Amino acid sequence: MDGIMNKLRNLDAYPKINEDFYSRTLSGGVITLASSIVMILLFISELQLYLHSVTETKLVVDTSRGETLRINFDVTFPALPCSILSLDAMDISGEQHLDVRHDIIKKRLDTLGNVIESRQDGIGAPKIDKPLQRHGGRLEHNETYCGSCYGAETADEDCCNTCEDVREAYRKKGWGMSNPDLIDQCKREGFLQRIKDEEGEGCNIYGFLEVNKVAGNFHFAPGKSFHQSGVHVHDLLAFQKDSFNISHKINRLTFGDYFPGVVNPLDGVQWTHETPIGMYQYFIKVVPTVYSDVSGHTIQSNQFSVTEHFRSSELGHFQSLPGVFFFYDLSPIKVTFTEGHISFLHFLTNVCAIVGGVFTVSGILDSFIYHGQRAIKKKMEIGKFS
């Protein structure tokens, strides 16, 4: 048994020295204090890293198919009334959403940017008790109202009972409405008068779009849109205006749900219209993103980068449609963010490295100072005797 104990004693890598042979110095005390403080600070830093989650980033090829893209927006136009502002969306697959109204809310704004809570419809509209029927006569008490579509009917039984119905029928035909006052429904509802009454107002439009996950665009522009000879155009003649101020402020624009750390570069961006007329364009590159938190909850969302361009037109010649256009394309690369904690063994390893590393470096420094002081002292003693 004693032989085994002796063998174990010979394996001791930390031989002990009798305290009588220790020599304590002032420099050693200072170095010990400083190294202890450094070790405590590094330990606290490592503990914070261990207690808080870290995010791992990976780039993978996006193989998802058949998904939709949700676009959330909140845009303010300080000089475009809500009655003339429309929203269209289209993509390269050929799908179109013209004059989108579902999931969209418009707020009328005064010149100071305050929300106009309510306004009586039809202010200034002439009183016409008997609307014009499709057959040309006036509505009688015993008749059912069926307004004329003024040649835009697709079937004999079609009726256009409101100004909006007539405009929609014209849009489907690819026609523009040059003078709404010649349309009985528009005249009765005071279409032009309502536009004149809203002159100088602004509009805040917000909501969301669900579109195919392919390249496309959505835009805010005055007038109803329609296709004429294969070209997307807007009916601007009905407003009897030469120019439109498309100054705007993007309060919020996101492609998908929020996740921690996301930066939306267009939030709070404002642009003031200085030229008579033109088209403001945003070219957006959407990057699919997956965020997974420490609890395993996954958020499917997107990030994006953007560039801007303004395309001006000559006054009175709508070579480019006045409006604000957002052209987006999707990146084939998906970014994944995964939250996680450092393992306890990794934390323990780092703590041991901190303690051992600081202890070793401080020992080397103390030894260097101690032997340096002894060498200098010895030379000084030799100098005195000589």
# chains A, B, ... in the order shown; residues from 1 in each chain; ligands from 1
$ residues_around --residues "Tyr282 in chain A" --least-positions-apart "4" --cutoff "7 Å" --atoms "only C-alpha atoms" --output "ChimeraX atom specification"
/A:306-309,325-327
$ write_last_selection --atoms "N, CA, C and O atoms" --output "tab-separated table (two decimals), in the first residue's frame"
chain	number	residue	atom	x	y	z
A	306	VAL	N	-33.10	48.16	-51.20
A	306	VAL	CA	-33.86	49.01	-52.13
A	306	VAL	C	-32.96	50.07	-52.77
A	306	VAL	O	-31.99	50.53	-52.17
A	307	THR	N	-33.28	50.39	-54.01
A	307	THR	CA	-32.72	51.56	-54.70
A	307	THR	C	-33.89	52.40	-55.22
A	307	THR	O	-35.00	51.88	-55.41
A	308	GLU	N	-33.64	53.68	-55.48
A	308	GLU	CA	-34.71	54.61	-55.86
A	308	GLU	C	-34.38	55.30	-57.18
A	308	GLU	O	-33.21	55.48	-57.53
A	309	HIS	N	-35.44	55.70	-57.88
A	309	HIS	CA	-35.26	56.43	-59.14
A	309	HIS	C	-36.51	57.25	-59.42
A	309	HIS	O	-37.64	56.78	-59.22
A	325	PHE	N	-44.26	53.73	-57.53
A	325	PHE	CA	-44.18	52.33	-57.95
A	325	PHE	C	-43.15	51.58	-57.11
A	325	PHE	O	-42.06	52.10	-56.86
A	326	PHE	N	-43.51	50.36	-56.71
A	326	PHE	CA	-42.61	49.49	-55.98
A	326	PHE	C	-42.41	48.22	-56.81
A	326	PHE	O	-43.34	47.41	-56.95
A	327	PHE	N	-41.24	48.08	-57.42
A	327	PHE	CA	-40.91	46.89	-58.20
A	327	PHE	C	-40.08	45.96	-57.32
A	327	PHE	O	-39.02	46.34	-56.82
$ residues_around --residues "range 22-34 of chain A" --least-positions-apart "6" --cutoff "10 Å" --atoms "only C-alpha atoms" --output "ChimeraX atom specification"
/A:358-359,362-363,365-367,369-370,373
$ closest_residue --among "A:Ser86, A:Asn245, A:Thr55, A:Thr360" --to "His102 in chain A" --atoms "only C-alpha atoms"
A:Ser86
$ atom_distance --atom1 "CA of Ile105 in chain A" --atom2 "CA of Asp74 in chain A"
9.5 Å
$ atom_distance --atom1 "CA of Ser45 in chain A" --atom2 "CA of Val290 in chain A"
29.2 Å
$ select_by_dssp --residues "range 170-378 of chain A" --states "helix (DSSP H, G or I)" --output "CSV table (one decimal) with C-alpha atoms, in the first residue's frame"
chain,number,residue,atom,x,y,z
A,170,TYR,CA,-65.4,51.6,-68.9
A,171,ARG,CA,-62.3,50.1,-67.3
A,172,LYS,CA,-63.2,46.6,-68.4
A,173,LYS,CA,-63.7,47.9,-71.9
A,180,PRO,CA,-68.0,62.6,-65.9
A,181,ASP,CA,-70.7,65.3,-66.1
A,182,LEU,CA,-72.0,63.7,-69.2
A,184,ASP,CA,-76.0,60.8,-65.4
A,185,GLN,CA,-74.9,58.7,-62.4
A,186,CYS,CA,-71.7,60.8,-61.9
A,187,LYS,CA,-73.6,64.0,-62.3
A,188,ARG,CA,-76.2,62.9,-59.8
A,189,GLU,CA,-73.6,61.8,-57.3
A,191,PHE,CA,-68.4,63.1,-58.8
A,192,LEU,CA,-66.5,66.2,-60.0
A,193,GLN,CA,-67.8,68.3,-57.2
A,194,ARG,CA,-66.6,65.8,-54.7
A,195,ILE,CA,-63.1,65.9,-56.2
A,196,LYS,CA,-63.1,69.7,-56.2
A,197,ASP,CA,-64.2,69.7,-52.5
A,237,LEU,CA,-59.0,62.6,-68.0
A,238,ALA,CA,-61.9,62.3,-65.5
A,239,PHE,CA,-60.1,64.5,-63.0
A,344,PHE,CA,-22.2,24.5,-20.2
A,345,LEU,CA,-19.1,22.5,-21.2
A,346,HIS,CA,-18.1,25.3,-23.6
A,347,PHE,CA,-18.7,27.8,-20.8
A,348,LEU,CA,-16.6,25.8,-18.4
A,349,THR,CA,-13.8,25.4,-20.9
A,350,ASN,CA,-13.7,29.1,-21.5
A,351,VAL,CA,-13.7,29.9,-17.7
A,352,CYS,CA,-10.8,27.5,-17.2
A,353,ALA,CA,-8.9,29.1,-20.1
A,354,ILE,CA,-9.5,32.5,-18.6
A,355,VAL,CA,-8.3,31.5,-15.1
A,356,GLY,CA,-5.3,29.5,-16.4
A,357,GLY,CA,-4.3,32.0,-19.0
A,358,VAL,CA,-4.4,35.0,-16.7
A,359,PHE,CA,-2.6,33.1,-14.0
A,360,THR,CA,0.2,32.0,-16.3
A,361,VAL,CA,0.7,35.4,-17.9
A,362,SER,CA,0.7,37.1,-14.5
A,363,GLY,CA,3.3,34.5,-13.3
A,364,ILE,CA,5.5,35.2,-16.2
A,365,LEU,CA,5.2,38.9,-15.7
A,366,ASP,CA,5.9,38.6,-12.0
A,367,SER,CA,8.9,36.4,-12.6
A,368,PHE,CA,10.3,38.9,-15.2
A,369,ILE,CA,9.9,41.8,-12.8
A,370,TYR,CA,11.3,39.9,-9.8
A,371,HIS,CA,14.4,38.6,-11.6
A,372,GLY,CA,14.9,42.0,-13.2
A,373,GLN,CA,14.9,43.7,-9.9
A,374,ARG,CA,17.4,41.2,-8.5
A,375,ALA,CA,19.7,41.7,-11.4
A,376,ILE,CA,19.7,45.5,-11.1
A,377,LYS,CA,20.2,45.3,-7.4
A,378,LYS,CA,23.2,42.9,-7.8
$ atom_distance --atom1 "CA of Leu321 in chain A" --atom2 "CA of Gly278 in chain A"
6.9 Å
$ closest_residue --among "A:His297, A:His248, A:Arg311, A:Lys224" --to "Ile277 in chain A" --atoms "only C-alpha atoms"
A:Arg311
$ residues_around --residues "range 107-114 of chain A" --least-positions-apart "5" --cutoff "9 Å" --atoms "only C-alpha atoms" --output "PDB file with N, CA, C and O atoms, in the first residue's frame"
ATOM      1  N   PHE A  77     -49.840  60.358 -48.517  1.00  0.00           N
ATOM      2  CA  PHE A  77     -49.714  61.290 -49.638  1.00  0.00           C
ATOM      3  C   PHE A  77     -50.323  62.623 -49.203  1.00  0.00           C
ATOM      4  O   PHE A  77     -51.550  62.754 -49.159  1.00  0.00           O
ATOM      5  N   PRO A  78     -49.506  63.604 -48.865  1.00  0.00           N
ATOM      6  CA  PRO A  78     -50.059  64.858 -48.332  1.00  0.00           C
ATOM      7  C   PRO A  78     -50.790  65.722 -49.355  1.00  0.00           C
ATOM      8  O   PRO A  78     -51.483  66.661 -48.973  1.00  0.00           O
ATOM      9  N   ALA A  79     -50.643  65.426 -50.662  1.00  0.00           N
ATOM     10  CA  ALA A  79     -51.260  66.286 -51.679  1.00  0.00           C
ATOM     11  C   ALA A  79     -52.107  65.507 -52.686  1.00  0.00           C
ATOM     12  O   ALA A  79     -52.442  66.038 -53.741  1.00  0.00           O
ATOM     13  N   PRO A  81     -55.779  63.490 -52.893  1.00  0.00           N
ATOM     14  CA  PRO A  81     -57.013  63.115 -52.180  1.00  0.00           C
ATOM     15  C   PRO A  81     -57.286  61.612 -52.282  1.00  0.00           C
ATOM     16  O   PRO A  81     -56.911  60.956 -53.262  1.00  0.00           O
ATOM     17  N   CYS A  82     -57.954  61.084 -51.289  1.00  0.00           N
ATOM     18  CA  CYS A  82     -58.274  59.659 -51.268  1.00  0.00           C
ATOM     19  C   CYS A  82     -59.208  59.258 -52.411  1.00  0.00           C
ATOM     20  O   CYS A  82     -59.157  58.119 -52.883  1.00  0.00           O
ATOM     21  N   SER A  83     -60.049  60.186 -52.856  1.00  0.00           N
ATOM     22  CA  SER A  83     -61.044  59.847 -53.882  1.00  0.00           C
ATOM     23  C   SER A  83     -60.416  59.539 -55.232  1.00  0.00           C
ATOM     24  O   SER A  83     -61.029  58.865 -56.066  1.00  0.00           O
ATOM     25  N   GLU A 198     -62.440  68.057 -52.303  1.00  0.00           N
ATOM     26  CA  GLU A 198     -61.290  67.432 -51.639  1.00  0.00           C
ATOM     27  C   GLU A 198     -59.967  67.997 -52.129  1.00  0.00           C
ATOM     28  O   GLU A 198     -58.908  67.489 -51.756  1.00  0.00           O
ATOM     29  N   GLY A 200     -56.677  69.833 -52.314  1.00  0.00           N
ATOM     30  CA  GLY A 200     -55.791  70.261 -51.236  1.00  0.00           C
ATOM     31  C   GLY A 200     -55.691  69.274 -50.091  1.00  0.00           C
ATOM     32  O   GLY A 200     -54.869  69.462 -49.192  1.00  0.00           O
ATOM     33  N   GLU A 201     -56.531  68.258 -50.107  1.00  0.00           N
ATOM     34  CA  GLU A 201     -56.458  67.248 -49.052  1.00  0.00           C
ATOM     35  C   GLU A 201     -55.366  66.230 -49.345  1.00  0.00           C
ATOM     36  O   GLU A 201     -54.865  66.133 -50.470  1.00  0.00           O
ATOM     37  N   GLY A 202     -55.008  65.462 -48.329  1.00  0.00           N
ATOM     38  CA  GLY A 202     -54.076  64.357 -48.484  1.00  0.00           C
ATOM     39  C   GLY A 202     -54.746  63.049 -48.140  1.00  0.00           C
ATOM     40  O   GLY A 202     -55.948  63.002 -47.832  1.00  0.00           O
ATOM     41  N   CYS A 203     -53.972  61.984 -48.197  1.00  0.00           N
ATOM     42  CA  CYS A 203     -54.540  60.659 -47.935  1.00  0.00           C
ATOM     43  C   CYS A 203     -53.491  59.758 -47.288  1.00  0.00           C
ATOM     44  O   CYS A 203     -52.340  59.719 -47.730  1.00  0.00           O
ATOM     45  N   ASN A 204     -53.914  59.072 -46.257  1.00  0.00           N
ATOM     46  CA  ASN A 204     -53.089  58.029 -45.640  1.00  0.00           C
ATOM     47  C   ASN A 204     -53.733  56.682 -45.974  1.00  0.00           C
ATOM     48  O   ASN A 204     -54.891  56.438 -45.634  1.00  0.00           O
ATOM     49  N   ILE A 205     -52.994  55.841 -46.660  1.00  0.00           N
ATOM     50  CA  ILE A 205     -53.503  54.542 -47.076  1.00  0.00           C
ATOM     51  C   ILE A 205     -52.627  53.446 -46.457  1.00  0.00           C
ATOM     52  O   ILE A 205     -51.413  53.500 -46.539  1.00  0.00           O
ATOM     53  N   TYR A 206     -53.285  52.491 -45.800  1.00  0.00           N
ATOM     54  CA  TYR A 206     -52.524  51.411 -45.170  1.00  0.00           C
ATOM     55  C   TYR A 206     -53.323  50.120 -45.224  1.00  0.00           C
ATOM     56  O   TYR A 206     -54.548  50.115 -45.422  1.00  0.00           O
TER      57      TYR A 206
END
$ select_by_dssp --residues "range 291-334 of chain A" --states "strand (DSSP E)" --output "list in words"
Tyr291, Ser292, Thr298, Ile299, Gln300, Ser301, Asn302, Gln303, Phe304, Ser305, Val306, Thr307, Glu308, His309, Phe310, Arg311, Ser312, Gly323, Val324, Phe325, Phe326, Phe327, Tyr328, Asp329, Leu330, Ile333 and Lys334 of chain A
$ write_last_selection --atoms "C-alpha atoms" --output "PDB file, in the first residue's frame"
ATOM      1  CA  TYR A 291     -36.029  33.201 -37.778  1.00  0.00           C
ATOM      2  CA  SER A 292     -36.058  30.527 -35.048  1.00  0.00           C
ATOM      3  CA  THR A 298     -40.194  29.787 -36.275  1.00  0.00           C
ATOM      4  CA  ILE A 299     -41.100  32.978 -38.163  1.00  0.00           C
ATOM      5  CA  GLN A 300     -41.211  32.901 -41.971  1.00  0.00           C
ATOM      6  CA  SER A 301     -40.534  36.439 -43.156  1.00  0.00           C
ATOM      7  CA  ASN A 302     -38.385  38.538 -45.501  1.00  0.00           C
ATOM      8  CA  GLN A 303     -35.754  41.248 -45.519  1.00  0.00           C
ATOM      9  CA  PHE A 304     -35.128  43.604 -48.422  1.00  0.00           C
ATOM     10  CA  SER A 305     -32.749  46.121 -49.929  1.00  0.00           C
ATOM     11  CA  VAL A 306     -33.858  49.013 -52.134  1.00  0.00           C
ATOM     12  CA  THR A 307     -32.721  51.563 -54.695  1.00  0.00           C
ATOM     13  CA  GLU A 308     -34.713  54.607 -55.863  1.00  0.00           C
ATOM     14  CA  HIS A 309     -35.258  56.433 -59.138  1.00  0.00           C
ATOM     15  CA  PHE A 310     -37.448  59.328 -60.278  1.00  0.00           C
ATOM     16  CA  ARG A 311     -38.651  59.396 -63.863  1.00  0.00           C
ATOM     17  CA  SER A 312     -39.978  62.790 -64.921  1.00  0.00           C
ATOM     18  CA  GLY A 323     -47.499  57.634 -59.145  1.00  0.00           C
ATOM     19  CA  VAL A 324     -45.298  55.751 -56.703  1.00  0.00           C
ATOM     20  CA  PHE A 325     -44.185  52.332 -57.948  1.00  0.00           C
ATOM     21  CA  PHE A 326     -42.612  49.486 -55.980  1.00  0.00           C
ATOM     22  CA  PHE A 327     -40.909  46.886 -58.204  1.00  0.00           C
ATOM     23  CA  TYR A 328     -39.851  43.828 -56.246  1.00  0.00           C
ATOM     24  CA  ASP A 329     -37.863  40.714 -57.106  1.00  0.00           C
ATOM     25  CA  LEU A 330     -36.987  37.714 -54.939  1.00  0.00           C
ATOM     26  CA  ILE A 333     -30.875  32.672 -51.386  1.00  0.00           C
ATOM     27  CA  LYS A 334     -32.650  32.281 -48.043  1.00  0.00           C
TER      28      LYS A 334
END
$ residues_around --residues "Val214 in chain A" --least-positions-apart "6" --cutoff "12 Å" --atoms "only C-alpha atoms" --output "PyMOL selection string"
chain A and resi 64-70+90-95+285-286+288+327-332
